[in-house]
file query02.cif (mmCIF, N, CA and C atoms and all ligand atoms)
data_protein
#
loop_
_atom_site.label_atom_id
_atom_site.label_comp_id
_atom_site.auth_asym_id
_atom_site.auth_seq_id
_atom_site.Cartn_x
_atom_site.Cartn_y
_atom_site.Cartn_z
N MET X 327 3.68 8.76 -14.36
CA MET X 327 2.89 7.83 -13.57
C MET X 327 1.45 7.80 -14.07
N LEU X 328 0.99 6.64 -14.40
CA LEU X 328 -0.36 6.51 -14.93
C LEU X 328 -1.34 6.39 -13.77
N ARG X 329 -2.36 7.23 -13.80
CA ARG X 329 -3.31 7.21 -12.72
C ARG X 329 -4.68 6.81 -13.23
N LYS X 330 -5.34 6.02 -12.47
CA LYS X 330 -6.69 5.65 -12.82
C LYS X 330 -7.58 6.88 -12.73
N ARG X 331 -8.53 6.98 -13.61
CA ARG X 331 -9.43 8.12 -13.57
C ARG X 331 -10.20 8.10 -12.25
N CYS X 332 -10.16 9.22 -11.60
CA CYS X 332 -10.74 9.30 -10.28
C CYS X 332 -12.24 9.57 -10.35
N SER X 333 -12.98 8.86 -9.54
CA SER X 333 -14.44 9.00 -9.59
C SER X 333 -14.97 9.99 -8.57
N ASN X 334 -14.06 10.54 -7.79
CA ASN X 334 -14.51 11.50 -6.78
C ASN X 334 -15.07 12.76 -7.45
N ASP X 335 -16.24 13.20 -7.02
CA ASP X 335 -16.88 14.32 -7.71
C ASP X 335 -16.26 15.68 -7.40
N ASN X 336 -15.24 15.71 -6.56
CA ASN X 336 -14.50 16.95 -6.35
C ASN X 336 -13.91 17.48 -7.65
N HIS X 337 -13.53 16.57 -8.52
CA HIS X 337 -12.88 16.96 -9.77
C HIS X 337 -13.82 17.71 -10.71
N GLY X 338 -15.11 17.36 -10.66
CA GLY X 338 -16.04 17.96 -11.59
C GLY X 338 -16.66 19.25 -11.09
N ARG X 339 -16.47 19.53 -9.83
CA ARG X 339 -17.10 20.71 -9.26
C ARG X 339 -16.37 22.00 -9.61
N SER X 340 -17.14 23.09 -9.67
CA SER X 340 -16.51 24.39 -9.92
C SER X 340 -16.07 25.00 -8.60
N VAL X 341 -16.75 24.69 -7.54
CA VAL X 341 -16.34 25.17 -6.22
C VAL X 341 -15.92 23.98 -5.36
N VAL X 342 -14.64 23.94 -5.06
CA VAL X 342 -14.13 22.85 -4.24
C VAL X 342 -13.57 23.46 -2.96
N THR X 343 -13.94 22.88 -1.85
CA THR X 343 -13.56 23.48 -0.57
C THR X 343 -12.32 22.85 0.04
N VAL X 344 -11.75 21.89 -0.65
CA VAL X 344 -10.54 21.25 -0.14
C VAL X 344 -9.45 21.32 -1.20
N ARG X 345 -8.19 21.26 -0.75
CA ARG X 345 -7.09 21.34 -1.70
C ARG X 345 -6.85 20.01 -2.41
N PHE X 346 -6.92 18.94 -1.64
CA PHE X 346 -6.60 17.64 -2.22
C PHE X 346 -7.83 16.75 -2.32
N CYS X 347 -7.87 15.95 -3.35
CA CYS X 347 -8.92 14.96 -3.49
C CYS X 347 -8.67 13.82 -2.50
N PRO X 348 -9.68 13.45 -1.70
CA PRO X 348 -9.49 12.39 -0.70
C PRO X 348 -9.38 11.00 -1.33
N THR X 349 -9.72 10.90 -2.59
CA THR X 349 -9.69 9.59 -3.24
C THR X 349 -8.38 9.31 -3.96
N CYS X 350 -7.86 10.30 -4.71
CA CYS X 350 -6.65 10.05 -5.48
C CYS X 350 -5.47 10.91 -5.02
N GLY X 351 -5.71 11.91 -4.19
CA GLY X 351 -4.62 12.72 -3.68
C GLY X 351 -4.16 13.81 -4.61
N ALA X 352 -4.86 14.01 -5.72
CA ALA X 352 -4.49 15.07 -6.65
C ALA X 352 -4.99 16.41 -6.12
N VAL X 353 -4.30 17.48 -6.51
CA VAL X 353 -4.74 18.81 -6.11
C VAL X 353 -6.00 19.18 -6.90
N VAL X 354 -7.08 19.47 -6.21
CA VAL X 354 -8.31 19.85 -6.90
C VAL X 354 -8.58 21.35 -6.79
N ASN X 355 -7.94 22.01 -5.82
CA ASN X 355 -8.08 23.45 -5.70
C ASN X 355 -6.77 24.03 -5.19
N ASP X 356 -5.97 24.55 -6.12
CA ASP X 356 -4.64 25.02 -5.70
C ASP X 356 -4.68 26.41 -5.08
N ARG X 357 -5.87 26.99 -4.95
CA ARG X 357 -5.96 28.27 -4.26
C ARG X 357 -6.03 28.09 -2.75
N ILE X 358 -6.32 26.87 -2.35
CA ILE X 358 -6.31 26.57 -0.92
C ILE X 358 -4.92 26.10 -0.53
N LEU X 359 -4.35 26.73 0.48
CA LEU X 359 -2.99 26.38 0.88
C LEU X 359 -2.95 25.04 1.60
N ALA X 360 -1.86 24.33 1.34
CA ALA X 360 -1.68 23.05 2.04
C ALA X 360 -1.39 23.32 3.51
N ARG X 361 -1.94 22.48 4.33
CA ARG X 361 -1.76 22.64 5.77
C ARG X 361 -1.05 21.44 6.36
N GLY X 362 -0.34 21.68 7.41
CA GLY X 362 0.23 20.57 8.15
C GLY X 362 -0.84 20.05 9.10
N CYS X 363 -0.85 18.76 9.29
CA CYS X 363 -1.93 18.18 10.09
C CYS X 363 -1.39 17.43 11.29
N ALA X 364 -2.21 17.38 12.30
CA ALA X 364 -1.89 16.56 13.46
C ALA X 364 -2.16 15.11 13.12
N LEU X 365 -1.40 14.24 13.71
CA LEU X 365 -1.53 12.81 13.45
C LEU X 365 -2.94 12.30 13.73
N GLU X 366 -3.53 12.79 14.79
CA GLU X 366 -4.85 12.30 15.18
C GLU X 366 -5.92 12.66 14.14
N LYS X 367 -5.67 13.75 13.42
CA LYS X 367 -6.58 14.12 12.36
C LYS X 367 -6.54 13.10 11.23
N HIS X 368 -5.32 12.68 10.89
CA HIS X 368 -5.17 11.65 9.87
C HIS X 368 -5.78 10.33 10.32
N THR X 369 -5.65 10.04 11.58
CA THR X 369 -6.24 8.81 12.12
C THR X 369 -7.75 8.84 11.96
N ARG X 370 -8.32 10.00 12.23
CA ARG X 370 -9.77 10.15 12.09
C ARG X 370 -10.21 9.99 10.64
N MET X 371 -9.43 10.58 9.73
CA MET X 371 -9.76 10.48 8.31
C MET X 371 -9.65 9.06 7.81
N ARG X 372 -8.63 8.36 8.32
CA ARG X 372 -8.43 6.98 7.92
C ARG X 372 -9.63 6.14 8.35
N ARG X 373 -10.18 6.51 9.49
CA ARG X 373 -11.33 5.77 10.01
C ARG X 373 -12.56 5.93 9.12
N VAL X 374 -12.68 7.10 8.50
CA VAL X 374 -13.81 7.29 7.58
C VAL X 374 -13.43 6.96 6.15
N ARG X 375 -12.36 6.20 6.01
CA ARG X 375 -11.93 5.59 4.75
C ARG X 375 -11.57 6.59 3.66
N LYS X 376 -10.94 7.65 4.04
CA LYS X 376 -10.35 8.52 3.04
C LYS X 376 -8.96 7.99 2.71
N ALA X 377 -8.61 8.01 1.43
CA ALA X 377 -7.31 7.48 1.04
C ALA X 377 -6.21 8.54 1.21
N TYR X 378 -6.60 9.81 1.08
CA TYR X 378 -5.63 10.90 1.20
C TYR X 378 -6.21 12.02 2.06
N CYS X 379 -5.33 12.69 2.74
CA CYS X 379 -5.74 13.84 3.53
C CYS X 379 -6.13 15.00 2.61
N VAL X 380 -7.27 15.62 2.84
CA VAL X 380 -7.72 16.70 1.96
C VAL X 380 -6.96 18.00 2.23
N ASP X 381 -6.25 18.09 3.33
CA ASP X 381 -5.54 19.31 3.69
C ASP X 381 -4.07 19.30 3.29
N CYS X 382 -3.40 18.17 3.44
CA CYS X 382 -1.97 18.13 3.14
C CYS X 382 -1.63 17.14 2.02
N GLY X 383 -2.60 16.33 1.61
CA GLY X 383 -2.39 15.42 0.49
C GLY X 383 -1.62 14.16 0.81
N GLN X 384 -1.37 13.94 2.07
CA GLN X 384 -0.60 12.76 2.45
C GLN X 384 -1.46 11.51 2.32
N GLY X 385 -0.86 10.44 1.82
CA GLY X 385 -1.56 9.17 1.72
C GLY X 385 -1.82 8.60 3.10
N LEU X 386 -3.06 8.18 3.33
CA LEU X 386 -3.42 7.70 4.65
C LEU X 386 -3.46 6.17 4.71
N VAL X 387 -3.67 5.56 3.58
CA VAL X 387 -3.76 4.12 3.53
C VAL X 387 -2.53 3.57 2.83
N GLN X 388 -1.96 2.54 3.39
CA GLN X 388 -0.82 1.90 2.74
C GLN X 388 -1.28 1.27 1.43
N GLN X 389 -0.66 1.71 0.34
CA GLN X 389 -1.02 1.16 -0.96
C GLN X 389 -0.44 -0.24 -1.08
N ARG X 390 -1.29 -1.18 -1.41
CA ARG X 390 -0.80 -2.52 -1.61
C ARG X 390 -0.24 -2.67 -3.01
N SER X 391 0.94 -3.17 -3.12
CA SER X 391 1.53 -3.36 -4.44
C SER X 391 1.03 -4.66 -5.04
N GLY X 392 1.14 -4.74 -6.36
CA GLY X 392 0.70 -5.96 -7.02
C GLY X 392 -0.74 -5.93 -7.46
N ARG X 393 -1.31 -4.73 -7.53
CA ARG X 393 -2.65 -4.60 -8.04
C ARG X 393 -2.79 -3.31 -8.82
ZN ZN P 401 -9.46 12.38 -7.25
ZN ZN P 402 -3.11 16.00 6.51
#
call {"tool": "encode", "arguments": {"input": "query02.cif", "output": "structure tokens", "more": "lines below"}}
Ligand SMILES: [Zn+2]
Ligand SMILES: [Zn+2]
result
Amino acid sequence: MLRKRCSNDNHGRSVVTVRFCPTCGAVVNDRILARGCALEKHTRMRRVRKAYCVDCGQGLVQQRSGR
């Protein structure tokens, strides 16, 4: 799967406090364990326009096909 280069600065940091990148959903720190999240937490993240949950890596926004 070809992925666009992610512009989130989590990737360039040496200390990352989250497991997943909120922009592309890639693992940026595999020393942090994935967590299960409550639905309301995802709802809150979606409201602040994160594409992926930083704790469990689940996609929060429906990806539109055709682009
Ligand atoms: Zn990313
Ligand atoms: Zn989550």
call {"tool": "residues_around", "arguments": {"input": "query02.cif", "residues": "Thr343 (chain X)", "least_positions_apart": "2", "cutoff": "8 Å", "atoms": "all atoms listed in the file", "output": "list in words"}}
result
Asn336, Ser340, Val341, Arg345, Phe346, Val354, Asn355, Ile358 and Val380 of chain X
call {"tool": "closest_residue", "arguments": {"input": "query02.cif", "among": "X:Ala352, X:Val374, X:Val342, X:Leu359", "to": "ligand ZN 401 (chain P)", "atoms": "all atoms listed in the file"}}
result
X:Ala352
call {"tool": "residues_near_ligand", "arguments": {"input": "query02.cif", "ligand": "ligand ZN 401 (chain P)", "cutoff": "6 Å", "atoms": "all atoms listed in the file", "output": "PyMOL selection string"}}
result
chain X and resi 332-334+337+347-352
call {"tool": "closest_residue", "arguments": {"input": "query02.cif", "among": "X:Arg339, X:Arg373, X:Arg331, X:Lys367", "to": "ligand ZN 402 (chain P)", "atoms": "all atoms listed in the file"}}
result
X:Lys367
call {"tool": "atom_distance", "arguments": {"input": "query02.cif", "atom1": "CA of Cys363 (chain X)", "atom2": "atom N of Asp381 (chain X)"}}
result
8.0 Å
call {"tool": "closest_residue", "arguments": {"input": "query02.cif", "among": "X:Val353, X:Arg361, X:Met371, X:Ala377", "to": "ligand ZN 402 (chain P)", "atoms": "only N, CA and C atoms and all ligand atoms"}}
result
X:Arg361
call {"tool": "select_by_dssp", "arguments": {"input": "query02.cif", "residues": "chain X", "states": "alpha helix (DSSP H)", "output": "ChimeraX atom specification"}}
result
/X:365-373
call {"tool": "closest_residue", "arguments": {"input": "query02.cif", "among": "X:Leu365, X:Val344, X:Cys382, X:Ala360", "to": "ligand ZN 402 (chain P)", "atoms": "all atoms listed in the file"}}
result
X:Cys382
call {"tool": "closest_residue", "arguments": {"input": "query02.cif", "among": "X:Gly383, X:Lys376, X:Thr369, X:Asp335", "to": "ligand ZN 402 (chain P)", "atoms": "all atoms listed in the file"}}
result
X:Gly383
call {"tool": "atom_distance", "arguments": {"input": "query02.cif", "atom1": "atom N of Arg357 (chain X)", "atom2": "atom C of Arg370 (chain X)"}}
result
23.5 Å
call {"tool": "atom_distance", "arguments": {"input": "query02.cif", "atom1": "atom N of Gly338 (chain X)", "atom2": "CA of Gln388 (chain X)"}}
result
25.0 Å
call {"tool": "closest_residue", "arguments": {"input": "query02.cif", "among": "X:Leu386, X:Gly362, X:Arg372, X:Asp356", "to": "ligand ZN 402 (chain P)", "atoms": "only N, CA and C atoms and all ligand atoms"}}
result
X:Gly362
